[in-house]
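Trainee: The structure follows.
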Amino acid sequence: TRAADRERETPAETRAREATDAFLRHTLTRIGDAQGANPAPASAVFASHPLVVAAAARVVGAYAPWLGQTAGRGDGVAVARACAAYLVAALGAAPEAFRHASGAFHALCAQCADAFARNRDTVGGLLDAAERALPESPPAGDGAGPAGGGAFGGGGVDGDDDRAGVVEGLARVVAAVADPREAAVYAKRLTAPIMARAARHAARAKATGEIPSALAAELKLLASALRFLEFPGFDAAARRAAASGNASTSEIEHPALAALSEAWPTLAEFNAEPWRSVPAVADATSAVYQKALLCAKARGAAVAPHVLEALAATFAAHHHPSCLDAFATAAEACFSNTANENRAEFEKLHALFCPAFASCVEAAAACLSAHPIADKADVARALFECAHKIATFAPFVFLNATHAGNARHTTSGLACHTALSIAVAALSTRERDAVRAATALLSIAAAPGDVASRSETWRAGRKRSVDAFFSSASGESAVKACLLAGADHAPRHVLRPLAQFLCALRNTYGSAVDAWLANTLADASFPDAAAPAPPAAREAFRAAATRSAPGADGSLTGHGAPLDARRWAAACVDFFMVCRRELGEDALVAHQM
C-alpha cells in the first residue's frame, strides 16, 4: 500500500492491513526458512513434497509485489532473500516444481532487484546458487500451466525453456547494480556457465552426430538474459564511476557488452561450420546479437564490426532470415543512438555498414534468383524489412551502398536498386508477409517523409538512387505490379498501403506515373484474362486517378478537381475491390464528382 493510500485509511482498514502484513511476513519467512539444512518443523513442511514445493513457489511468486514493497524497510529484504534462496534450492530438489520455482524467482527478482543489488554478497550468492541448481539441458515440462512457459513468464526468447525465468531474474538484479563496473563483472559471471554448457553440448553433438537442440537452447538462454541487461541510466552511472576511479567513460564496459565479450570466444565457433548451417543454432546466435545491441545502444558500435562480419558471412553461406533481422537491429541500435553532430562516428558506421549491407543484398538476390520467391518467402521478408530499417535509420547506407566488383543484378550497381527490384517482383506472389514488407520498402523509398526528404542525405543521394529507379522502366514495372497485386491477389490488409504507395509515386513523378497507370488499365485482360475488370470501372478509375492540377489557363486534364492524397487512395482501394468483385461498379461514381 502506498503512503498516500495509508493516509486515507480508516482505523479498521489500518488494522486489517497490519494483520495481513504480519500474516504474510510470518508465512513467507517460514517458506524461506525451509531451504536450510535443518529447518524447524514449522518450516520443514514447505520442503516435504514436490507438490507442496510447487504450491509454496506459487505463493512466493504471487506475493512478489508485496515483498518488493517491504524489501526496503525492516527485515523485508531478509525475508525476500530467504524466499529467493528457497526457490533456487527448489530448482534442484524438486524437479517437478521447477517451472513454478523458476517463474516465481523471475517475479521475485523483478520486484526486489534494487534491494538485492545493494548487497554484493546477495548478488554473488544468487549467481553461485543458480549456477549449481540449473540443469545441463532444459527440464522436461511437468504438464502444469501453459506449455513452455509458466504462469509467471520467464519462458525465454521462444518461450520453451523454463530455466529462462532464473537467468532473466538474475539479469534484472545485475542490471540494478549501481556501479556499472561491478555490473559488468556480474554479467560475465552470469554468462560464463551458460557458454560452458553450450561448449559441452557442441562437443557432444559433434562427437555423436546428434541434433544440437541443447546447444541452441543454451544460446537462447543467453539471449533471454541479455535482453534484461539494458542498465537504465548507464551513461550517467559510467560518468560517476569514471570520476570516482580516475578513468574515462569509454573504458567502462556496458554489462550487455561485457556478457557478449565473455561469450564471444565460444560464439565465434558457432559462426563457423558446421554450426552456422544449422538453422536453430544460427537463429539463436542472431538473437544473442540482437539483444546485446538493443541493450548497448550506441555503445554497440564497438562490437558492430565483428557482429556484422559474422552475420554477413553466415547469411551469404546459408541464407538464414534471422541474420538479416539481426542486421536490421544492428542498424537501428547503432544509428538511432548516435548523436547527429558526431560526424566522424557516422562516417565510421557508414564505412562499416555499406559493404555489409551490399553483401547481404547480393546474397539475398542470388538466393531469390535461384529459387521462386514463394519458396523463400522468409528470406524476401527479412530482406525487405532489413532494407526498410536501413532506409529509416541509415539512409546514407541505403542510398549509397554499392555491390563490390561486377554488379550482376543492376546496371547501377547500387544495392538499393537490387532490393527494390526484388520488392517489385515479390508483389506478384501471394506471400502475405513478403508482400507487406515489399510494399513498406517501396513506400519509404518513394516517400521517406517530409523531414527525411529535406535532409542533406536524401537531397544528395536521392537522384542517382531512388529517382533513377522509379523514373525508369523499373518504375513502370512497379506501377503495373502494384495495380495487379491490389486488383487480384494481394492480402486485404495491404490494399491501402499499395494505394498509398501509388499515390506517393504519382505525387513525386507526376505525368510519367499517369502514363503508366493508363497503359496498364488499357489492357482489356487486366488484372486476369479469366476474370477481367469491367471496362467502365477501368476507365472510371483512370479518369479519377490521372486528374492534374489546373494549368496556366485554368484547364484540367480530367473532369473535376484533382483528388487529394486521402481521396486518391480511397478511390484506388475501391477500384481494387471492384476488380475483386467485392464492390459494384457504382462504387467509383463518387470519386468522379
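By convention here, the chains of the C-alpha cells are called A, B, ... in the order presented, each chain's residues are numbered starting at 1, and ligands are numbered starting at 1 in the order presented.
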Could you list, as a PyMOL selection string, every residue within 8 Å of Glu362 in chain A, counting only C-alpha atoms and ignoring same-chain residues fewer than 3 positions away?
Mentor: chain A and resi 358-359+365-366+403+415+418
Trainee: List the spatial neighbours of His350 in chain A as a ChimeraX atom specification - criterion: any atom at most 10 Å away, only C-alpha atoms, same-chain residues fewer than 3 positions off excluded.
Mentor: /A:335,344-347,353-356,394-398,400-401
Trainee: Deliver the residues from the most recent selection as a file, using C-alpha atoms, as a PDB file, in the first residue's frame.
Mentor:
ATOM      1  CA  PHE A 335      22.435   4.800 -35.875  1.00  0.00           C
ATOM      2  CA  ALA A 344      33.231  11.196 -37.526  1.00  0.00           C
ATOM      3  CA  GLU A 345      31.314   8.427 -35.772  1.00  0.00           C
ATOM      4  CA  PHE A 346      28.687   8.424 -38.510  1.00  0.00           C
ATOM      5  CA  GLU A 347      31.334   8.139 -41.212  1.00  0.00           C
ATOM      6  CA  PHE A 353      27.530  -0.835 -42.894  1.00  0.00           C
ATOM      7  CA  CYS A 354      27.691  -0.004 -46.617  1.00  0.00           C
ATOM      8  CA  PRO A 355      29.718  -3.047 -47.748  1.00  0.00           C
ATOM      9  CA  ALA A 356      27.978  -5.334 -45.255  1.00  0.00           C
ATOM     10  CA  ALA A 394      20.859   4.792 -42.006  1.00  0.00           C
ATOM     11  CA  PRO A 395      19.626   6.479 -45.226  1.00  0.00           C
ATOM     12  CA  PHE A 396      23.174   7.154 -46.418  1.00  0.00           C
ATOM     13  CA  VAL A 397      23.810   3.421 -46.416  1.00  0.00           C
ATOM     14  CA  PHE A 398      20.541   2.693 -48.215  1.00  0.00           C
ATOM     15  CA  ASN A 400      24.855   4.719 -51.490  1.00  0.00           C
ATOM     16  CA  ALA A 401      25.781   1.101 -50.719  1.00  0.00           C
TER      17      ALA A 401
END
Trainee: DSSP on the backbone: which residues in range 190-397 of chain A end up as helix (DSSP H, G or I)? Give the answer as number ranges by chain.
Mentor: A: 190-208, 213-226, 234-245, 249-251, 255-270, 275-277, 279-302, 304-318, 321-336, 343-370, 373-393, 395-397
Trainee: Using only C-alpha atoms, determine which residues lie at most 8 Å from Leu442 in chain A, disregarding the query and same-chain residues fewer than 2 positions distant; provide the list as a VMD selection string.
Mentor: chain A and resid 420 423 to 424 438 to 440 444 to 446 501
Trainee: Create the file for the chosen residues now, containing N, CA and C atoms and written as a compact mmCIF listing (two decimals), in the first residue's frame.
Mentor:
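This is the output file out_20.txt:
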# COMPACT_ATOMS: atom_id res chain seq x y z
N LEU A 420 15.01 -3.03 -54.29
CA LEU A 420 13.74 -2.53 -54.81
C LEU A 420 13.24 -3.40 -55.97
N ALA A 423 11.69 -6.35 -54.50
CA ALA A 423 10.41 -5.99 -53.89
C ALA A 423 9.30 -5.90 -54.93
N VAL A 424 9.62 -5.34 -56.08
CA VAL A 424 8.63 -5.28 -57.17
C VAL A 424 8.24 -6.69 -57.60
N ALA A 438 7.43 -5.84 -48.76
CA ALA A 438 7.83 -5.23 -50.04
C ALA A 438 7.13 -3.91 -50.25
N THR A 439 5.85 -3.85 -49.95
CA THR A 439 5.09 -2.60 -50.10
C THR A 439 5.64 -1.52 -49.18
N ALA A 440 5.97 -1.89 -47.94
CA ALA A 440 6.52 -0.91 -47.00
C ALA A 440 7.86 -0.38 -47.48
N ILE A 444 8.60 3.63 -48.46
CA ILE A 444 9.55 4.52 -47.79
C ILE A 444 10.60 5.03 -48.77
N ALA A 445 10.88 4.25 -49.81
CA ALA A 445 11.82 4.72 -50.83
C ALA A 445 11.22 5.85 -51.65
N ALA A 446 9.95 5.70 -52.02
CA ALA A 446 9.29 6.72 -52.82
C ALA A 446 8.93 7.95 -52.01
N PHE A 501 1.10 3.87 -51.73
CA PHE A 501 2.37 3.88 -52.46
C PHE A 501 2.18 4.43 -53.87
Trainee: Could you give me, as a list in words, the residues within 7 Å of Ala296 in chain A, counting only C-alpha atoms and dropping anything in the same chain fewer than 6 positions from it?
Mentor: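 After dropping sequence-adjacent residues, the list is Glu230, His254, Ala256 and Leu257 of chain A.
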Trainee: Could you please take those selected residues and save C-alpha atoms as a compact mmCIF listing (two decimals), in the first residue's frame?
Mentor:
# COMPACT_ATOMS: atom_id res chain seq x y z
CA GLU A 230 19.92 -2.80 -20.58
CA HIS A 254 28.38 -1.89 -20.71
CA ALA A 256 25.45 -6.35 -22.10
CA LEU A 257 28.70 -5.97 -24.00
Trainee: Just how far from CA of Cys334 in chain A is CA of Gly300 in chain A, in Å to one decimal?
Mentor: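 Taking CA of Gly300 in chain A as the start and CA of Cys334 in chain A as the end point, the length is 6.3 Å.
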